[in-house]
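The file input.pdb contains PDB, C-alpha atoms:
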```
ATOM      1  CA  MET D1500       0.000   0.000   0.000
ATOM      2  CA  THR D1501       1.402   3.388  -0.963
ATOM      3  CA  THR D1502       0.897   6.513   1.085
ATOM      4  CA  PRO D1503       1.895  10.163   0.670
ATOM      5  CA  SER D1504       5.358  11.025   1.921
ATOM      6  CA  GLY D1505       5.559  11.506   5.672
ATOM      7  CA  ILE D1506       2.206   9.850   6.398
ATOM      8  CA  ALA D1507       2.125   6.499   8.122
ATOM      9  CA  PRO D1508      -0.124   3.891   6.500
ATOM     10  CA  ARG D1509      -3.384   3.212   8.296
ATOM     11  CA  ARG D1510      -3.987  -0.298   9.585
ATOM     12  CA  THR D1511      -6.576  -2.145   7.533
ATOM     13  CA  ALA D1512      -7.346  -4.692  10.278
ATOM     14  CA  PRO D1513      -7.097  -4.101  14.031
ATOM     15  CA  TRP D1514      -5.178  -6.694  16.062
ATOM     16  CA  MET D1515      -8.104  -6.901  18.495
ATOM     17  CA  PRO D1516     -11.822  -7.214  17.580
ATOM     18  CA  ALA D1517     -13.766  -3.971  18.031
ATOM     19  CA  PRO D1518     -16.141  -5.429  20.689
ATOM     20  CA  ALA D1519     -13.101  -6.198  22.869
ATOM     21  CA  TYR D1520     -12.175  -2.516  22.927
ATOM     22  CA  PHE D1521     -15.699  -1.622  24.051
ATOM     23  CA  GLY D1522     -15.595  -4.274  26.768
ATOM     24  CA  ILE D1523     -12.237  -3.121  28.153
ATOM     25  CA  SER D1524     -13.336   0.512  27.957
ATOM     26  CA  ALA D1525     -16.539  -0.257  29.883
ATOM     27  CA  ILE D1526     -14.597  -2.044  32.625
ATOM     28  CA  PHE D1527     -12.269   0.888  33.252
ATOM     29  CA  HIS D1528     -15.014   3.468  32.723
ATOM     30  CA  TYR D1529     -16.852   2.210  35.796
ATOM     31  CA  LEU D1530     -14.046   0.535  37.740
ATOM     32  CA  GLY D1531     -12.415   3.954  38.187
ATOM     33  CA  PRO D1532     -15.486   5.578  39.777
ATOM     34  CA  ALA D1533     -16.077   2.482  41.917
ATOM     35  CA  PHE D1534     -12.699   3.107  43.567
ATOM     36  CA  ALA D1535     -12.935   6.894  43.362
ATOM     37  CA  VAL D1536     -16.027   7.086  45.576
ATOM     38  CA  LEU D1537     -13.834   5.805  48.397
ATOM     39  CA  LEU D1538     -11.952   9.111  48.196
ATOM     40  CA  PHE D1539     -15.051  11.240  48.738
ATOM     41  CA  ALA D1540     -14.546  11.083  52.508
ATOM     42  CA  ARG D1541     -11.123  12.746  52.163
ATOM     43  CA  VAL D1542     -11.202  14.713  48.900
ATOM     44  CA  ASP D1543     -14.028  16.876  47.558
ATOM     45  CA  VAL D1544     -15.974  15.544  44.578
ATOM     46  CA  LEU D1545     -14.562  17.867  41.924
ATOM     47  CA  GLY D1546     -11.088  17.190  43.267
ATOM     48  CA  VAL D1547     -11.599  13.472  42.680
ATOM     49  CA  ALA D1548     -12.817  14.188  39.138
ATOM     50  CA  TRP D1549      -9.710  16.289  38.504
ATOM     51  CA  LEU D1550      -7.445  13.527  39.820
ATOM     52  CA  ARG D1551      -8.918  11.122  37.283
ATOM     53  CA  ILE D1552      -8.508  13.596  34.417
ATOM     54  CA  ALA D1553      -4.999  14.573  35.474
ATOM     55  CA  SER D1554      -3.822  10.978  35.872
ATOM     56  CA  ALA D1555      -5.158  10.113  32.401
ATOM     57  CA  ALA D1556      -3.463  13.211  30.948
ATOM     58  CA  VAL D1557      -0.140  12.182  32.507
ATOM     59  CA  VAL D1558      -0.434   8.659  31.076
ATOM     60  CA  PHE D1559      -1.170  10.037  27.591
ATOM     61  CA  ALA D1560       1.643  12.585  27.880
ATOM     62  CA  VAL D1561       4.234   9.921  28.728
ATOM     63  CA  TRP D1562       2.858   7.324  26.323
ATOM     64  CA  ARG D1563       1.948   9.355  23.217
ATOM     65  CA  ARG D1564       3.440  12.863  23.619
ATOM     66  CA  PRO D1565       0.343  14.298  21.886
ATOM     67  CA  TRP D1566       1.691  17.864  21.712
ATOM     68  CA  ARG D1567       3.620  16.746  18.622
ATOM     69  CA  LEU D1568       0.337  17.048  16.707
ATOM     70  CA  ALA D1569       0.199  20.835  17.122
ATOM     71  CA  ARG D1570       1.903  21.704  13.840
ATOM     72  CA  ARG D1571      -0.009  19.141  11.815
ATOM     73  CA  LEU D1572      -3.528  20.082  12.826
ATOM     74  CA  LYS D1573      -5.726  22.299  10.719
ATOM     75  CA  PRO D1574      -7.697  25.080  12.439
ATOM     76  CA  GLU D1575     -10.918  23.064  12.252
ATOM     77  CA  GLN D1576      -9.224  20.027  13.812
ATOM     78  CA  ARG D1577      -7.880  22.195  16.622
ATOM     79  CA  ARG D1578     -11.372  23.480  17.345
ATOM     80  CA  VAL D1579     -12.701  19.913  17.514
ATOM     81  CA  LEU D1580      -9.918  18.928  19.920
ATOM     82  CA  LEU D1581     -10.566  21.991  22.063
ATOM     83  CA  GLY D1582     -14.267  21.150  22.142
ATOM     84  CA  LEU D1583     -13.543  17.540  23.079
ATOM     85  CA  GLY D1584     -11.228  18.676  25.875
ATOM     86  CA  VAL D1585     -13.898  20.952  27.342
ATOM     87  CA  VAL D1586     -16.503  18.197  27.029
ATOM     88  CA  LEU D1587     -14.204  15.706  28.782
ATOM     89  CA  ALA D1588     -13.679  18.110  31.692
ATOM     90  CA  ALA D1589     -17.397  18.895  32.071
ATOM     91  CA  MET D1590     -18.472  15.280  31.559
ATOM     92  CA  ASN D1591     -16.181  13.967  34.294
ATOM     93  CA  ALA D1592     -17.208  16.751  36.677
ATOM     94  CA  THR D1593     -20.950  16.136  36.247
ATOM     95  CA  PHE D1594     -20.468  12.355  36.428
ATOM     96  CA  TYR D1595     -18.738  12.560  39.799
ATOM     97  CA  LEU D1596     -21.186  15.148  41.081
ATOM     98  CA  ALA D1597     -23.944  12.680  40.158
ATOM     99  CA  ILE D1598     -22.425   9.574  41.753
ATOM    100  CA  ALA D1599     -21.813  11.556  44.938
ATOM    101  CA  ARG D1600     -25.614  11.892  45.216
ATOM    102  CA  LEU D1601     -26.970   8.775  43.483
ATOM    103  CA  PRO D1602     -26.053   5.074  43.279
ATOM    104  CA  LEU D1603     -23.408   4.394  40.613
ATOM    105  CA  ALA D1604     -25.714   1.907  38.856
ATOM    106  CA  THR D1605     -28.410   4.567  38.473
ATOM    107  CA  VAL D1606     -25.990   7.125  37.041
ATOM    108  CA  GLY D1607     -24.538   4.498  34.707
ATOM    109  CA  ALA D1608     -27.997   3.556  33.442
ATOM    110  CA  ILE D1609     -28.889   7.207  32.782
ATOM    111  CA  GLU D1610     -25.588   7.720  30.985
ATOM    112  CA  PHE D1611     -26.355   4.655  28.868
ATOM    113  CA  LEU D1612     -29.546   6.319  27.623
ATOM    114  CA  GLY D1613     -27.410   8.626  25.488
ATOM    115  CA  THR D1614     -25.655   5.775  23.737
ATOM    116  CA  ILE D1615     -29.041   4.105  23.164
ATOM    117  CA  VAL D1616     -30.300   7.237  21.418
ATOM    118  CA  LEU D1617     -27.178   7.425  19.235
ATOM    119  CA  ALA D1618     -27.370   3.709  18.461
ATOM    120  CA  ALA D1619     -31.057   3.998  17.559
ATOM    121  CA  ILE D1620     -30.261   6.856  15.175
ATOM    122  CA  GLY D1621     -27.616   4.665  13.539
ATOM    123  CA  VAL D1622     -29.812   1.569  13.121
ATOM    124  CA  ARG D1623     -29.572   0.355   9.535
ATOM    125  CA  ASN D1624     -30.918  -3.213   9.547
ATOM    126  CA  GLY D1625     -32.569  -5.919  11.609
ATOM    127  CA  ARG D1626     -29.253  -7.099  13.001
ATOM    128  CA  ASN D1627     -28.653  -3.637  14.457
ATOM    129  CA  VAL D1628     -32.091  -3.691  16.072
ATOM    130  CA  ILE D1629     -31.443  -7.081  17.689
ATOM    131  CA  ALA D1630     -28.071  -5.911  19.023
ATOM    132  CA  LEU D1631     -29.662  -2.760  20.431
ATOM    133  CA  VAL D1632     -32.463  -4.695  22.161
ATOM    134  CA  LEU D1633     -29.972  -7.151  23.675
ATOM    135  CA  ALA D1634     -27.777  -4.293  24.911
ATOM    136  CA  VAL D1635     -30.711  -2.565  26.596
ATOM    137  CA  GLY D1636     -31.892  -5.831  28.131
ATOM    138  CA  GLY D1637     -28.403  -6.538  29.435
ATOM    139  CA  VAL D1638     -28.129  -3.152  31.134
ATOM    140  CA  VAL D1639     -31.554  -3.525  32.754
ATOM    141  CA  ALA D1640     -30.654  -7.020  33.986
ATOM    142  CA  LEU D1641     -27.221  -6.065  35.347
ATOM    143  CA  THR D1642     -27.910  -2.706  36.942
ATOM    144  CA  ASP D1643     -29.866  -2.122  40.099
ATOM    145  CA  ILE D1644     -31.607   1.083  39.070
ATOM    146  CA  GLN D1645     -32.911   3.094  42.025
ATOM    147  CA  LEU D1646     -34.949   6.266  41.772
ATOM    148  CA  ALA D1647     -34.096   7.395  45.307
ATOM    149  CA  GLY D1648     -31.523  10.137  45.847
ATOM    150  CA  GLU D1649     -31.017  13.869  45.750
ATOM    151  CA  PRO D1650     -33.002  15.552  42.914
ATOM    152  CA  CYS D1651     -29.959  17.559  41.826
ATOM    153  CA  GLY D1652     -28.140  14.247  41.423
ATOM    154  CA  PHE D1653     -30.520  13.370  38.600
ATOM    155  CA  VAL D1654     -29.892  16.775  37.012
ATOM    156  CA  PHE D1655     -26.137  16.128  37.032
ATOM    157  CA  ALA D1656     -26.724  12.595  35.710
ATOM    158  CA  PHE D1657     -28.779  13.761  32.725
ATOM    159  CA  VAL D1658     -26.349  16.587  31.956
ATOM    160  CA  ASN D1659     -23.578  13.984  32.019
ATOM    161  CA  CYS D1660     -25.680  11.840  29.663
ATOM    162  CA  ALA D1661     -25.924  14.708  27.158
ATOM    163  CA  LEU D1662     -22.198  15.418  27.447
ATOM    164  CA  PHE D1663     -21.418  11.727  26.960
ATOM    165  CA  MET D1664     -23.400  11.777  23.720
ATOM    166  CA  LEU D1665     -21.392  14.789  22.554
ATOM    167  CA  TYR D1666     -18.183  13.021  23.593
ATOM    168  CA  VAL D1667     -19.118  10.000  21.443
ATOM    169  CA  VAL D1668     -19.956  12.191  18.443
ATOM    170  CA  LEU D1669     -16.727  14.205  18.697
ATOM    171  CA  GLY D1670     -14.703  11.055  19.373
ATOM    172  CA  HIS D1671     -16.171   9.398  16.280
ATOM    173  CA  ARG D1672     -15.272  12.459  14.235
ATOM    174  CA  ILE D1673     -11.693  12.408  15.507
ATOM    175  CA  ALA D1674     -11.311   8.647  15.048
ATOM    176  CA  ASN D1675     -12.246   9.029  11.384
ATOM    177  CA  THR D1676      -9.911  11.944  10.718
ATOM    178  CA  GLY D1677      -7.591  11.173   7.829
ATOM    179  CA  ALA D1678      -4.221  12.667   6.899
ATOM    180  CA  GLY D1679      -2.331  10.131   9.011
ATOM    181  CA  LEU D1680      -3.433  11.631  12.330
ATOM    182  CA  SER D1681      -3.743   9.078  15.113
ATOM    183  CA  GLY D1682      -7.077   9.081  16.924
ATOM    184  CA  ILE D1683      -5.312   7.995  20.132
ATOM    185  CA  ASP D1684      -2.890  10.919  19.905
ATOM    186  CA  GLN D1685      -5.766  13.328  19.366
ATOM    187  CA  LEU D1686      -7.593  11.874  22.374
ATOM    188  CA  GLY D1687      -4.414  12.357  24.391
ATOM    189  CA  ALA D1688      -4.222  15.987  23.311
ATOM    190  CA  ALA D1689      -7.872  16.489  24.266
ATOM    191  CA  MET D1690      -7.193  14.948  27.686
ATOM    192  CA  LEU D1691      -4.348  17.414  28.248
ATOM    193  CA  ILE D1692      -6.758  20.229  27.376
ATOM    194  CA  ALA D1693      -9.306  18.776  29.810
ATOM    195  CA  GLY D1694      -6.672  18.736  32.533
ATOM    196  CA  GLY D1695      -5.899  22.385  31.895
ATOM    197  CA  VAL D1696      -9.574  23.368  31.808
ATOM    198  CA  SER D1697     -10.298  21.622  35.108
ATOM    199  CA  VAL D1698      -7.082  22.549  36.929
ATOM    200  CA  HIS D1699      -9.028  24.904  39.237
ATOM    201  CA  GLN D1700     -10.843  21.805  40.542
ATOM    202  CA  GLY D1701      -7.613  20.503  42.121
ATOM    203  CA  PRO D1702      -7.923  18.250  45.190
ATOM    204  CA  ARG D1703      -9.240  19.908  48.343
ATOM    205  CA  GLU D1704      -9.989  18.310  51.663
ATOM    206  CA  SER D1705     -13.578  17.108  51.877
ATOM    207  CA  LYS D1706     -15.884  19.215  54.039
ATOM    208  CA  GLU D1707     -17.088  15.998  55.651
ATOM    209  CA  ASN D1708     -13.760  15.714  57.540
TER     210      ASN D1708
END
```
Starting from the file, give its structure as structure tokens.
Amino acid sequence: MTTPSGIAPRRTAPWMPAPAYFGISAIFHYLGPAFAVLLFARVDVLGVAWLRIASAAVVFAVWRRPWRLARRLKPEQRRVLLGLGVVLAAMNATFYLAIARLPLATVGAIEFLGTIVLAAIGVRNGRNVIALVLAVGGVVALTDIQLAGEPCGFVFAFVNCALFMLYVVLGHRIANTGAGLSGIDQLGAAMLIAGGVSVHQGPRESKEN
């Protein structure tokens, strides 16, 4: 396969099936908060959210050095990355504000509503419909959805749901960017932006102490 000079060829077949990536992502997406809630007694909620963003930004910085993309990005691509960084910061903040007031399973189920809407919009055939129905049934069976909790917790949960939908849309746009730009590197750059946006949320001692 030939490619323009200076542009790395894109892989035609991933070394791992796409569903495996979703499964691993889901594990870490909720395993992190499951441990993070243990910090709420010592660190304020937004501080915990910032710790998660900052730790991810550090990992990406060491692993991918995403700042190397700066000279290769077009203005439109930079705006998308900036938007994704802001969305990441706000999404994590509202997610942690929600799970501080509601059961994690309830917040996760509400967040899943956004992906259901996006999946329903993308339905193209009967196979897609079956997959969507099975996914919804699986979430209902596995999560212990409870409607009890602080009302503002539900507000944060639904705002997080909307932000998660935007995150998926922007992430899809970045993942399909051509010109030899790595989607992982762009995600890393967005995470660095998120860390900068949310730096004012730095860890503070919880008021419960």
Quick one: pull the distance between atom CA of Ala1656 of chain D and atom CA of Thr1593 of chain D, Å, one decimal. 6.8 Å
Given the choices D:Pro1702, D:Met1664, D:Leu1581, D:Gly1625, which gets closest to Val1542 of chain D if the distance is worked out from all atoms listed in the file?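 Comparing D:Pro1702, D:Met1664, D:Leu1581, D:Gly1625 against Val1542 of chain D, the winner is D:Pro1702.
With distances restricted to all atoms listed in the file, D:Leu1583 is the closest residue to Val1667 of chain D from D:Leu1583, D:Ile1692, D:Ala1634, D:Leu1641.
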To test your reading of the syntax: which residues would the PyMOL selection byres ((chain D and resi 1618) around 12) return for the file shown? Reply as a ChimeraX atom specification. /D:1611-1617,1619-1624,1627-1632,1634-1635,1664,1667-1668
Can you tell me how far atom CA of His1699 of chain D sits from atom CA of Arg1578 of chain D, in Å to one decimal? 22.1 Å
Where does the PyMOL selection byres ((chain D and resi 1544) around 12) land in this file, that is, which residues does it pick, as a VMD selection string? chain D and resid 1532 1535 to 1543 1545 to 1551 1591 to 1600 1700 to 1707
How would you write, as a list in words, the residues chosen by the PyMOL selection byres ((chain D and resi 1643) around 12) on this structure?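 Written out, the selection comes to Leu1601, Pro1602, Leu1603, Ala1604, Thr1605, Val1606, Gly1607, Ala1608, Ile1609, Gly1637, Val1638, Val1639, Ala1640, Leu1641, Thr1642, Ile1644, Gln1645, Leu1646 and Ala1647 of chain D.
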Between atom CA of Ala1555 of chain D and atom CA of Met1690 of chain D, what is the distance, to one decimal in Å?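 Interatomic distance, atom CA of Ala1555 of chain D to atom CA of Met1690 of chain D: 7.1 Å.
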